[in-house]
Amino acid sequence: MRTAGDPSTAACAALSDPARPLAVAFSGGADSTALLLAALRVWPGRAVHALHVHHGLQAAADAFAEHAQARCAQWGVACRVLPVQVRRARGDSVEEQARLARHAALGRAARELGCAWLLLGHHADDQAESLLLALLRGAGPAGLAAMPAAANRAGVWLGRPLLECSARRLRAELDAAGVPYVLDPMNEQPALRRSRIRHELLPVLEALEPAWRTTLGRSAALCAQAADQLRAQAASDLLACRGEAGLRLDRLAALEPARRAQVLRAWLAESGLRTNAAQLGNLLRQLAAPAGAAVRVGIGDARLWREGEWLRCEPGDAAPL
């Protein structure tokens with residue numbers, strides 16, 4: 001199982017501890033339905049909480065919530081509906097903002113319920129789509145690593161037990177058992193890039209390489225190993241460059257450009273700041289100017305500037321990642 005962060009003995013014990021409740025993200029679709037039923041089989045008698053996120057982004061949202069509650073009542077599972085508002089600014093991706101809102105709501109609810117683990121229904125097709133989307137964005141190793149099977153987020157372990165299962169297999173098993181599930185019309189929207197990859201590109205890959213789920217999953221795992229090595233190197237370099245006033249510019253300048261970029265990205269991430277390639281490139285160009293030149297960079301609500309031998313950062317109202 002590939003992980004983001006080491007799943008400690010304590011975390012693994014929590015997964016098998018019958019006294020600790022589990023949370024399952026339950027949309028009512030095929031993937032989360034298969035996951036919830038599997039959790040009930042694997043941990044009989046254990047407290048399992050279904051968490052249904054209500055985005056309100058489509059007319060069927062109320063019906064989805066009603067379906068989730070009805071199925072959970074039938075199976076004797078506690079179900080909590082989590083209403084969220086998806087805030088969007090000009091240029092924002094609806095999919096990305098909905099994903100961020102969904103994960104924030106699920107994490108909060110899992111912590112409130114005392115769950116050490118939150119299980120998500122992502123499968124092998126989702127993993128391949130995430131890798132292809134990252135390729136089209138021009139992502140580096142961290143983005144191409146796609147989704148880890150386990151990752152710790154703010155004290156809750158996220159588990160994706162279905163990453164090696166195909167969507168076709170999951171739905172075939174539900175259909176054979178006569179288990180109902182909802183179909184999300186957003187999955188058919190041609191305007192959404194993920195939907196077009198699913199319906200137009202993946203059939204081509206199927207014809208070219210029937211084992212595409214396995215091969216793309218292997219590529220994601222290799223990128224994850226590279227990303228882990230880069231993070232470890234960046235953490236070591238950041239420790240050497242850090243000081244009470246910010247980053248020491250002389251020590252930062254002594255690093256080769258690729259390592260310098262990784263240090264800056266890691267340093268800014270500590271303040272909850274995400275940087276894209278253009279922002280990072282702009283910052284690196286300004287830092288390469290003569291020592292007396294001003295450095296003025298804005299990233300979100302944050303402000304970065306040169307002050308003597310230091311690079312300083314005032315995060316502003318940036319939200320933690």
# chains A, B, ... in the order shown; residues from 1 in each chain; ligands from 1

$ select_by_dssp --residues "stretch 156-215 of chain A" --states "helix (DSSP H, G or I)" --output "NGL selection string"
:A and (167-177 or 185-188 or 193-208 or 212-215)

$ closest_atom_pairs --of "stretch 52-110 of chain A" --to "stretch 15-37 of chain A" --cutoff "9 Å" --atoms "only C-alpha atoms" --output "JSON lines"
{"residue": "A:His52", "atom": "CA", "partner": "A:Phe26", "partner_atom": "CA", "distance": 5.1}
{"residue": "A:Val53", "atom": "CA", "partner": "A:Ser27", "partner_atom": "CA", "distance": 6.9}
{"residue": "A:His54", "atom": "CA", "partner": "A:Ser27", "partner_atom": "CA", "distance": 8.6}
{"residue": "A:Phe64", "atom": "CA", "partner": "A:Gly28", "partner_atom": "CA", "distance": 6.6}
{"residue": "A:Ala65", "atom": "CA", "partner": "A:Ser27", "partner_atom": "CA", "distance": 7.8}
{"residue": "A:His67", "atom": "CA", "partner": "A:Gly28", "partner_atom": "CA", "distance": 6.7}
{"residue": "A:Ala68", "atom": "CA", "partner": "A:Gly28", "partner_atom": "CA", "distance": 5.2}
{"residue": "A:Gln69", "atom": "CA", "partner": "A:Gly28", "partner_atom": "CA", "distance": 9.0}
{"residue": "A:Arg71", "atom": "CA", "partner": "A:Gly28", "partner_atom": "CA", "distance": 8.2}
{"residue": "A:Trp75", "atom": "CA", "partner": "A:Leu37", "partner_atom": "CA", "distance": 8.7}
{"residue": "A:Cys79", "atom": "CA", "partner": "A:Phe26", "partner_atom": "CA", "distance": 8.7}
{"residue": "A:Leu106", "atom": "CA", "partner": "A:Ala25", "partner_atom": "CA", "distance": 7.2}
{"residue": "A:Ala109", "atom": "CA", "partner": "A:Ala23", "partner_atom": "CA", "distance": 8.7}
{"residue": "A:Ala110", "atom": "CA", "partner": "A:Ala23", "partner_atom": "CA", "distance": 6.1}

$ write_last_selection --atoms "N, CA, C and O atoms" --output "CSV table (one decimal), in the first residue's frame"
chain,number,residue,atom,x,y,z
A,52,HIS,N,-22.4,11.9,4.2
A,52,HIS,CA,-22.9,12.3,2.8
A,52,HIS,C,-22.7,13.8,2.7
A,52,HIS,O,-23.4,14.5,3.4
A,53,VAL,N,-21.9,14.2,1.7
A,53,VAL,CA,-21.8,15.6,1.4
A,53,VAL,C,-22.8,16.1,0.5
A,53,VAL,O,-23.0,15.6,-0.6
A,54,HIS,N,-23.5,17.2,0.9
A,54,HIS,CA,-24.6,17.8,0.0
A,54,HIS,C,-24.1,19.1,-0.5
A,54,HIS,O,-24.0,20.1,0.2
A,64,PHE,N,-30.2,12.7,-3.9
A,64,PHE,CA,-29.0,11.9,-3.5
A,64,PHE,C,-29.0,11.7,-2.0
A,64,PHE,O,-28.7,10.6,-1.5
A,65,ALA,N,-29.2,12.8,-1.3
A,65,ALA,CA,-29.2,12.7,0.2
A,65,ALA,C,-30.2,11.8,0.7
A,65,ALA,O,-30.0,11.0,1.7
A,67,HIS,N,-31.6,9.3,-0.8
A,67,HIS,CA,-31.2,7.9,-1.2
A,67,HIS,C,-30.2,7.4,-0.1
A,67,HIS,O,-30.3,6.3,0.4
A,68,ALA,N,-29.1,8.2,0.2
A,68,ALA,CA,-28.1,7.8,1.1
A,68,ALA,C,-28.7,7.5,2.5
A,68,ALA,O,-28.4,6.5,3.1
A,69,GLN,N,-29.6,8.4,2.9
A,69,GLN,CA,-30.2,8.1,4.2
A,69,GLN,C,-31.1,6.9,4.2
A,69,GLN,O,-31.1,6.1,5.2
A,71,ARG,N,-30.7,4.2,2.3
A,71,ARG,CA,-29.9,3.0,2.3
A,71,ARG,C,-29.3,2.7,3.6
A,71,ARG,O,-29.2,1.6,4.1
A,75,TRP,N,-29.6,-0.5,6.2
A,75,TRP,CA,-28.4,-1.3,6.6
A,75,TRP,C,-28.0,-1.1,8.1
A,75,TRP,O,-27.1,-1.7,8.5
A,79,CYS,N,-26.1,7.8,9.5
A,79,CYS,CA,-25.8,8.6,8.3
A,79,CYS,C,-25.9,10.1,8.7
A,79,CYS,O,-26.9,10.5,9.2
A,106,LEU,N,-15.8,16.5,5.3
A,106,LEU,CA,-15.6,15.1,5.7
A,106,LEU,C,-14.6,15.0,6.9
A,106,LEU,O,-14.8,14.3,7.8
A,109,ALA,N,-16.1,16.3,10.2
A,109,ALA,CA,-17.1,15.4,10.7
A,109,ALA,C,-16.5,14.2,11.3
A,109,ALA,O,-16.8,13.7,12.4
A,110,ALA,N,-15.4,13.6,10.6
A,110,ALA,CA,-14.7,12.4,11.1
A,110,ALA,C,-14.1,12.7,12.5
A,110,ALA,O,-14.1,11.9,13.4

$ residues_around --residues "A:Ala235" --least-positions-apart "2" --cutoff "9 Å" --atoms "only C-alpha atoms" --output "short mmCIF file (atom, residue, chain, number, x, y, z; two decimals) with all heavy atoms, in the first residue's frame"
data_model
loop_
_atom_site.label_atom_id
_atom_site.label_comp_id
_atom_site.auth_asym_id
_atom_site.auth_seq_id
_atom_site.Cartn_x
_atom_site.Cartn_y
_atom_site.Cartn_z
N LEU A 230 12.09 13.98 -2.84
CA LEU A 230 12.21 15.43 -2.97
C LEU A 230 11.76 16.14 -1.70
O LEU A 230 12.38 17.12 -1.26
CB LEU A 230 11.38 15.92 -4.16
CG LEU A 230 11.92 15.56 -5.55
CD1 LEU A 230 10.91 15.93 -6.63
CD2 LEU A 230 13.24 16.27 -5.80
N ARG A 231 10.68 15.64 -1.09
CA ARG A 231 10.20 16.26 0.16
C ARG A 231 11.22 16.10 1.28
O ARG A 231 11.44 17.04 2.06
CB ARG A 231 8.86 15.64 0.57
CG ARG A 231 7.66 16.28 -0.10
CD ARG A 231 6.36 15.82 0.54
NE ARG A 231 6.08 14.43 0.22
CZ ARG A 231 5.35 14.02 -0.80
NH1 ARG A 231 4.81 14.92 -1.63
NH2 ARG A 231 5.13 12.74 -1.03
N ALA A 232 11.84 14.92 1.36
CA ALA A 232 12.84 14.70 2.40
C ALA A 232 14.04 15.62 2.20
O ALA A 232 14.56 16.21 3.17
CB ALA A 232 13.28 13.24 2.40
N GLN A 233 14.48 15.77 0.95
CA GLN A 233 15.60 16.67 0.67
C GLN A 233 15.23 18.11 0.98
O GLN A 233 16.02 18.86 1.57
CB GLN A 233 16.01 16.54 -0.80
CG GLN A 233 17.18 17.42 -1.22
CD GLN A 233 18.48 16.99 -0.59
OE1 GLN A 233 19.01 15.94 -0.92
NE2 GLN A 233 19.00 17.78 0.33
N ASP A 237 17.04 20.73 3.56
CA ASP A 237 17.55 22.02 3.09
C ASP A 237 16.85 23.18 3.81
O ASP A 237 17.49 24.19 4.14
CB ASP A 237 17.34 22.15 1.58
CG ASP A 237 18.24 21.24 0.78
OD1 ASP A 237 19.28 20.81 1.32
OD2 ASP A 237 17.92 20.96 -0.39
N LEU A 238 15.56 23.04 4.05
CA LEU A 238 14.82 24.10 4.73
C LEU A 238 15.35 24.30 6.14
O LEU A 238 15.47 25.43 6.62
CB LEU A 238 13.33 23.75 4.75
CG LEU A 238 12.40 24.73 5.46
CD1 LEU A 238 12.52 26.13 4.90
CD2 LEU A 238 10.94 24.26 5.37
N LEU A 239 15.66 23.21 6.81
CA LEU A 239 16.21 23.30 8.15
C LEU A 239 17.52 24.09 8.15
O LEU A 239 17.78 24.89 9.05
CB LEU A 239 16.44 21.89 8.70
CG LEU A 239 16.83 21.77 10.17
CD1 LEU A 239 15.73 22.32 11.07
CD2 LEU A 239 17.13 20.32 10.53
N ALA A 240 18.33 23.88 7.12
CA ALA A 240 19.62 24.58 7.03
C ALA A 240 19.45 26.06 6.68
O ALA A 240 20.28 26.89 7.06
CB ALA A 240 20.51 23.90 5.99
N GLN A 262 12.37 23.81 -4.38
CA GLN A 262 11.69 22.90 -3.46
C GLN A 262 11.66 23.47 -2.05
O GLN A 262 10.67 23.33 -1.33
CB GLN A 262 12.39 21.53 -3.47
CG GLN A 262 12.24 20.75 -4.76
CD GLN A 262 10.79 20.38 -5.06
OE1 GLN A 262 10.00 20.17 -4.15
NE2 GLN A 262 10.44 20.31 -6.33
N VAL A 263 12.74 24.13 -1.64
CA VAL A 263 12.78 24.75 -0.30
C VAL A 263 11.72 25.85 -0.20
O VAL A 263 10.99 25.93 0.79
CB VAL A 263 14.18 25.32 -0.01
CG1 VAL A 263 14.15 26.22 1.23
CG2 VAL A 263 15.17 24.19 0.21
N ALA A 266 8.25 24.32 0.04
CA ALA A 266 8.01 23.73 1.36
C ALA A 266 7.82 24.80 2.42
O ALA A 266 6.96 24.68 3.30
CB ALA A 266 9.17 22.81 1.74
N TRP A 267 8.62 25.86 2.35
CA TRP A 267 8.54 26.95 3.32
C TRP A 267 7.18 27.65 3.22
O TRP A 267 6.53 27.92 4.24
CB TRP A 267 9.68 27.93 3.05
CG TRP A 267 9.76 29.11 3.98
CD1 TRP A 267 9.84 29.10 5.34
CD2 TRP A 267 9.76 30.48 3.58
NE1 TRP A 267 9.92 30.39 5.82
CE2 TRP A 267 9.87 31.26 4.76
CE3 TRP A 267 9.71 31.13 2.36
CZ2 TRP A 267 9.92 32.66 4.75
CZ3 TRP A 267 9.75 32.51 2.34
CH2 TRP A 267 9.85 33.27 3.52
#

$ residues_around --residues "A:Ala101" --least-positions-apart "5" --cutoff "8 Å" --atoms "only C-alpha atoms" --output "NGL selection string"
:A and (84-86)

$ closest_atom_pairs --of "stretch 101-168 of chain A" --to "stretch 196-204 of chain A" --cutoff "10 Å" --atoms "only C-alpha atoms" --output "Markdown table"
| residue | atom | partner | partner_atom | distance |
| --- | --- | --- | --- | --- |
| A:Asp125 | CA | A:Arg198 | CA | 8.2 |
| A:Asp126 | CA | A:Arg198 | CA | 8.9 |
| A:Ala128 | CA | A:Leu202 | CA | 8.9 |
| A:Glu129 | CA | A:Ile197 | CA | 6.8 |
| A:Ser130 | CA | A:Ile197 | CA | 9.8 |
| A:Leu132 | CA | A:Ile197 | CA | 8.0 |
| A:Leu133 | CA | A:Ile197 | CA | 8.3 |

$ select_by_dssp --residues "stretch 147-204 of chain A" --states "strand (DSSP E)" --output "list in words"
Ala150, Ala151, Asn152, Arg153, Val156, Trp157, Leu158 and Gly159 of chain A

$ closest_atom_pairs --of "stretch 129-150 of chain A" --to "stretch 273-293 of chain A" --cutoff "12 Å" --atoms "only C-alpha atoms" --output "tab-separated table"
residue	atom	partner	partner_atom	distance
A:Arg137	CA	A:Asn276	CA	10.7
A:Gly138	CA	A:Ala277	CA	9.5
A:Ala139	CA	A:Ala277	CA	9.2
A:Gly140	CA	A:Ala277	CA	9.9
A:Gly143	CA	A:Asn276	CA	11.7

$ write_last_selection --atoms "C-alpha atoms" --output "PDB file, in the first residue's frame"
ATOM      1  CA  ARG A 137      -1.655  20.357 -16.058  1.00  0.00           C
ATOM      2  CA  GLY A 138       2.079  19.856 -16.480  1.00  0.00           C
ATOM      3  CA  ALA A 139       2.411  18.650 -12.881  1.00  0.00           C
ATOM      4  CA  GLY A 140       5.645  17.466 -11.291  1.00  0.00           C
ATOM      5  CA  GLY A 143       1.024  15.840  -8.758  1.00  0.00           C
TER       6      GLY A 143
END

$ atom_distance --atom1 "atom CA of A:Ala78" --atom2 "atom CA of A:Arg160"
20.6 Å

$ closest_residue --among "A:Ala47, A:Ala98, A:Ala39, A:Ala176" --to "A:Gly121" --atoms "only C-alpha atoms"
A:Ala39

$ residues_around --residues "A:Leu170" --least-positions-apart "2" --cutoff "9 Å" --atoms "only C-alpha atoms" --output "VMD selection string"
chain A and resid 30 to 31 34 123 165 to 168 172 to 175

$ residues_around --residues "A:Gly298" --least-positions-apart "2" --cutoff "10 Å" --atoms "only C-alpha atoms" --output "number ranges by chain"
A: 279, 283, 296, 300-305, 313-315
